[in-house]
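Participant: Here you go, this is input08.txt (compact mmCIF, C-alpha atoms).
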# COMPACT_ATOMS: atom_id res chain seq x y z
CA MET A 1 82.05 86.06 118.71
CA THR A 2 78.37 86.26 117.71
CA ARG A 3 77.55 86.15 114.02
CA LEU A 4 75.72 88.99 112.33
CA PRO A 5 72.24 88.36 110.93
CA THR A 6 72.18 86.84 107.47
CA TRP A 7 70.47 89.87 105.98
CA VAL A 8 73.44 92.02 106.99
CA LEU A 9 75.85 89.66 105.27
CA VAL A 10 73.65 89.52 102.19
CA LEU A 11 73.45 93.30 102.15
CA TRP A 12 77.21 93.55 101.99
CA GLN A 13 77.25 91.42 98.90
CA ILE A 14 74.41 93.30 97.24
CA VAL A 15 75.57 96.85 97.79
CA PRO A 16 78.42 96.99 95.25
CA PHE A 17 76.29 95.08 92.81
CA VAL A 18 73.38 97.50 93.09
CA ALA A 19 75.67 100.49 92.76
CA VAL A 20 77.35 99.11 89.66
CA VAL A 21 74.02 98.17 88.13
CA GLY A 22 72.74 101.67 88.81
CA LEU A 23 75.77 103.08 87.08
CA LEU A 24 75.25 100.83 84.07
CA VAL A 25 71.59 101.77 83.89
CA ALA A 26 72.52 105.44 83.93
CA LEU A 27 75.10 104.92 81.20
CA SER A 28 72.67 102.99 79.05
CA GLY A 29 70.28 105.91 78.99
CA CYS A 30 67.41 103.98 80.49
CA THR A 31 66.84 106.65 83.08
CA ARG A 32 68.00 110.15 83.88
CA PRO A 33 71.33 110.47 85.69
CA LEU A 34 69.69 112.61 88.36
CA ASP A 35 67.15 109.91 89.21
CA THR A 36 69.86 107.27 89.25
CA ALA A 37 72.02 109.45 91.49
CA ILE A 38 69.13 110.01 93.92
CA LEU A 39 68.33 106.30 94.07
CA ALA A 40 72.01 105.46 94.54
CA ALA A 41 72.40 108.08 97.30
CA ASN A 42 69.31 106.82 99.12
CA SER A 43 70.42 103.19 98.88
CA ALA A 44 73.92 104.14 99.94
CA ARG A 45 72.50 105.87 102.98
CA ASP A 46 70.76 102.67 104.10
CA VAL A 47 74.00 100.77 103.65
CA GLY A 48 75.90 103.42 105.57
CA GLU A 49 73.50 103.15 108.48
CA VAL A 50 73.98 99.39 108.62
CA SER A 51 77.76 99.72 108.47
CA ALA A 52 77.64 102.34 111.23
CA GLU A 53 75.74 99.85 113.38
CA VAL A 54 78.35 97.19 112.64
CA LEU A 55 81.16 99.58 113.57
CA GLN A 56 79.33 100.50 116.76
CA SER A 57 78.71 96.93 117.89
CA ARG A 58 81.96 95.36 116.67
CA CYS A 59 84.40 98.14 117.42
CA THR A 60 83.17 101.12 119.44
CA ASP A 61 81.45 99.05 122.12
CA ARG A 62 84.51 96.80 122.40
CA TYR A 63 87.00 99.68 122.60
CA ALA A 64 84.92 101.02 125.47
CA VAL A 65 85.94 98.08 127.67
CA ALA A 66 89.24 97.11 126.05
CA THR A 67 92.63 96.75 127.69
CA ARG A 68 95.78 97.96 125.95
CA ALA A 69 96.37 94.54 124.36
CA GLU A 70 92.75 94.34 123.25
CA VAL A 71 92.96 97.83 121.74
CA ALA A 72 95.89 96.68 119.63
CA ALA A 73 93.95 93.60 118.54
CA LEU A 74 90.88 95.65 117.66
CA ASP A 75 93.02 98.12 115.70
CA VAL A 76 93.91 95.40 113.19
CA TYR A 77 90.44 95.35 111.66
CA CYS A 78 88.55 98.26 113.21
CA VAL A 79 90.86 101.06 112.06
CA PRO A 80 90.72 99.99 108.38
CA ALA A 81 86.96 99.63 108.69
CA ALA A 82 86.64 103.11 110.19
CA ARG A 83 88.78 104.59 107.40
CA ALA A 84 86.69 102.83 104.76
CA TYR A 85 83.52 104.07 106.44
CA ASP A 86 84.85 107.65 106.48
CA THR A 87 85.66 107.44 102.78
CA TYR A 88 82.23 106.03 102.05
CA ARG A 89 80.55 108.69 104.18
CA ALA A 90 82.43 111.42 102.32
CA ALA A 91 81.52 109.90 98.93
CA HIS A 92 77.87 109.78 99.98
CA ALA A 93 77.94 113.39 101.20
CA ALA A 94 79.57 114.48 97.93
CA LEU A 95 76.89 112.75 95.88
CA VAL A 96 74.08 114.25 97.97
CA ALA A 97 75.61 117.72 97.61
CA ALA A 98 76.02 117.28 93.86
CA VAL A 99 72.41 116.15 93.48
CA GLN A 100 71.24 119.20 95.40
CA VAL A 101 73.33 121.48 93.19
CA VAL A 102 71.83 119.89 90.07
CA GLN A 103 68.33 120.13 91.51
CA ILE A 104 68.61 123.89 91.95
CA GLY A 105 70.03 124.25 88.47
CA GLY A 106 73.58 125.01 89.56
CA ALA A 107 75.09 122.34 87.34
CA PRO A 108 73.99 120.10 84.48
CA GLU A 109 73.14 116.53 85.32
CA GLY A 110 75.34 114.03 83.59
CA PRO A 111 79.01 113.15 83.81
CA MET A 112 79.53 114.66 87.28
CA LEU A 113 76.72 112.64 88.88
CA ILE A 114 77.73 109.45 87.09
CA GLN A 115 81.31 109.94 88.24
CA LEU A 116 80.22 110.46 91.84
CA VAL A 117 77.97 107.39 91.73
CA ALA A 118 80.96 105.42 90.44
CA ARG A 119 83.12 106.73 93.30
CA LEU A 120 80.45 105.80 95.79
CA ALA A 121 80.33 102.31 94.28
CA THR A 122 84.11 102.02 94.66
CA ALA A 123 83.94 103.24 98.24
CA GLY A 124 81.10 100.79 98.88
CA ALA A 125 83.17 97.91 97.60
CA SER A 126 86.08 98.92 99.88
CA LEU A 127 83.72 99.30 102.81
CA SER A 128 82.24 95.89 102.10
CA ARG A 129 85.70 94.29 102.25
CA ALA A 130 86.66 96.19 105.40
CA ILE A 131 83.45 95.34 107.21
CA GLY A 132 83.91 91.74 106.13
CA GLY A 133 87.18 91.82 108.08
CA VAL A 134 85.41 93.14 111.15
CA GLN A 135 83.07 90.17 111.17
CA MET B 136 67.74 94.45 70.92
CA MET B 137 65.50 97.16 72.34
CA ALA B 138 66.63 99.38 75.14
CA LEU B 139 64.54 99.47 78.29
CA SER B 140 63.38 103.00 77.49
CA GLU B 141 62.12 101.79 74.08
CA VAL B 142 60.29 98.90 75.71
CA LEU B 143 58.66 101.28 78.17
CA SER B 144 57.67 103.63 75.36
CA LEU B 145 56.08 100.72 73.51
CA VAL B 146 54.18 99.62 76.60
CA VAL B 147 52.92 103.16 77.20
CA ALA B 148 51.91 103.51 73.55
CA ILE B 149 49.94 100.25 73.69
CA ALA B 150 48.31 101.28 76.98
CA LYS B 151 47.34 104.63 75.46
CA ALA B 152 45.94 102.91 72.36
CA PHE B 153 43.68 100.83 74.57
CA GLY B 154 42.69 103.86 76.57
CA LEU B 155 44.28 102.59 79.74
CA VAL B 156 46.29 105.76 80.33
CA SER B 157 45.91 109.33 79.20
CA ASP B 158 48.53 111.84 78.12
CA GLU B 159 48.01 113.65 81.43
CA VAL B 160 48.85 110.53 83.39
CA VAL B 161 52.00 109.93 81.35
CA ALA B 162 53.06 113.55 81.78
CA TYR B 163 52.46 113.32 85.52
CA ALA B 164 54.42 110.07 85.78
CA LYS B 165 57.38 111.69 84.04
CA GLN B 166 57.38 114.44 86.65
CA ILE B 167 57.56 112.01 89.55
CA ARG B 168 61.13 111.99 90.90
CA PRO B 169 62.54 110.01 93.77
CA ALA B 170 63.02 112.13 96.89
CA LEU B 171 66.60 112.65 97.98
CA ARG B 172 67.34 111.86 101.62
CA THR B 173 69.74 114.59 102.66
CA ASP B 174 70.40 113.73 106.30
CA PRO B 175 74.09 112.84 106.69
CA LEU B 176 75.38 109.46 107.76
CA PRO B 177 76.34 109.17 111.43
CA ASP B 178 79.96 109.81 112.36
CA ALA B 179 80.50 106.20 113.41
CA ALA B 180 84.23 106.36 112.77
CA GLY B 181 84.56 109.44 114.98
CA ASP B 182 82.67 107.69 117.76
CA MET B 183 84.95 104.68 117.40
CA TYR B 184 88.13 106.78 117.59
CA ALA B 185 86.73 108.55 120.66
CA ALA B 186 86.06 105.21 122.36
CA ARG B 187 89.58 104.08 121.43
CA ALA B 188 91.10 107.25 122.89
CA ARG B 189 89.10 106.81 126.11
CA ALA B 190 90.37 103.22 126.39
CA GLN B 191 93.95 104.42 126.05
CA LEU B 192 93.41 107.15 128.64
CA ARG B 193 91.91 104.61 131.03
CA GLU B 194 94.86 102.33 130.50
CA ALA B 195 97.32 105.19 131.09
CA ARG B 196 95.56 106.11 134.35
CA GLU B 197 95.77 102.51 135.51
CA VAL B 198 99.48 102.33 134.69
CA ALA B 199 100.09 105.58 136.57
CA ALA B 200 98.10 104.29 139.55
CA ARG B 201 100.16 101.08 139.61
CA LEU B 202 103.41 103.04 139.48
CA TRP B 203 102.25 105.26 142.35
CA ALA B 204 101.03 102.28 144.41
CA SER B 205 104.35 100.50 143.93
CA GLY B 206 106.25 103.63 144.95
CA ASP B 207 107.95 104.06 141.59
CA ILE B 208 106.59 107.63 141.30
CA ARG B 209 105.78 110.21 143.99
CA GLY B 210 102.28 111.42 144.73
CA SER B 211 102.96 114.81 143.15
CA ALA B 212 104.13 113.16 139.93
CA TYR B 213 101.07 110.95 139.95
CA GLN B 214 98.80 113.99 140.31
CA GLU B 215 100.66 115.72 137.52
CA ILE B 216 100.14 112.74 135.24
CA LEU B 217 96.44 112.67 136.05
CA ARG B 218 96.14 116.37 135.29
CA ALA B 219 97.88 115.85 131.96
CA LEU B 220 95.65 112.93 131.10
CA ASP B 221 92.61 115.05 131.91
CA GLY B 222 93.76 117.61 129.39
CA GLY B 223 95.49 120.00 131.76
CA GLU B 224 99.05 121.14 131.31
CA PRO B 225 101.62 119.61 133.68
CA THR B 226 102.86 122.17 136.19
Can you give me the file's structure in the form of structure tokens?
Facilitator:
Amino acid sequence: MTRLPTWVLVLWQIVPFVAVVGLLVALSGCTRPLDTAILAANSARDVGEVSAEVLQSRCTDRYAVATRAEVAALDVYCVPAARAYDTYRAAHAALVAAVQVVQIGGAPEGPMLIQLVARLATAGASLSRAIGGVQ
Amino acid sequence: MMALSEVLSLVVAIAKAFGLVSDEVVAYAKQIRPALRTDPLPDAAGDMYAARARAQLREAREVAARLWASGDIRGSAYQEILRALDGGEPT
């Protein structure tokens, strides 16, 4: 099994850290929650793209040529990774939607955005563990 | 201990005192917001499940073909299985 590039592995360690730091910064009042939410959503999108590539290369491409026994073996780590990715994708979509609602004045910025950033951070941590299993 | 916002305010105040920035520049900087990227993440999990389903269908076809080749099922049953695997209803 080929190893992933180091920057991918490093990214998986950094993602939860960046998300948590962003949350702390927002809570400390150093910046506006809306700006923090936008930065978190944009960073999360980059992470999501990388994880999608990992899923594609480590799971989807292998399922495409797998026998029944190999499908069962792939299921052990690919299915949890896919579930974690779906959760992360939904958390990212929810944050993006919330930011857009705030931007048009449909809701006040504050607790809702911070809560969604926190959920995205949690989903990112789960995704990081699941993708770690795929590698 | 000063918060980051207080440190930034102090830096801006010093810069303004030395004429390095104007009120207009500060006001403009406060308006600058990061741009939200709204394009959704790819449905990588969906693609993976689709590839997994195709692998299982392929395996099922191969099993059916082996059963037919060994004479364990008749040709009509084999065709019926293939139709079912292709999404058609068995007759």
Participant: Should the cut-off be 7 Å, what would the residue list for chain A against chain B look like, counting only C-alpha atoms, as an MDAnalysis selection string?
Facilitator: chainID A and resid 30 35 38:39 42 45 48:49 52 55:56 59:60 63:68 82 85:86 89 93 96
Participant: Grab the CA of Ala212 in chain B to CA of Ala72 in chain A distance for me, in Å with one decimal place.
Facilitator: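 CA of Ala72 in chain A lies at a distance of 27.4 Å from CA of Ala212 in chain B.
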Participant: For Gly110 in chain A, which of A:Thr36, A:Ser51, A:Ser128, A:Leu74 is the closest residue, counting all atoms listed in the file?
Facilitator: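 Closest to Gly110 in chain A, using all atoms listed in the file: A:Thr36.
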Participant: Could you check how far CA of Glu197 in chain B sits from CA of Val71 in chain A, in Å to one decimal?
Facilitator: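 CA of Glu197 in chain B sits 14.8 Å away from CA of Val71 in chain A.
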Participant: In Å to one decimal, how far is CA of Ala37 in chain A from CA of Ile114 in chain A?
Facilitator: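 Computed distance, CA of Ile114 in chain A to CA of Ala37 in chain A, equals 7.2 Å.
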Participant: Which polymer residues have any atom within 8 Å of an atom of range 101-107 of chain A, counting all atoms listed in the file, with same-chain residues fewer than 3 positions away left out, as a PyMOL selection string?
Facilitator: chain A and resi 34+97-98
Participant: Closest to Ala118 in chain A among A:Ala41, A:Val47, A:Arg32, A:Tyr77, using only C-alpha atoms?
Facilitator: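 Closest to Ala118 in chain A of all the choices is A:Ala41.
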Participant: From the set A:Ala73, A:Leu95, A:Met112, A:Ala44, which residue has the shortest atom-to-atom contact distance to Leu127 in chain A, counting all atoms listed in the file?
Facilitator: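 Of A:Ala73, A:Leu95, A:Met112, A:Ala44, the one nearest Leu127 in chain A, counting all atoms listed in the file, is A:Ala44.
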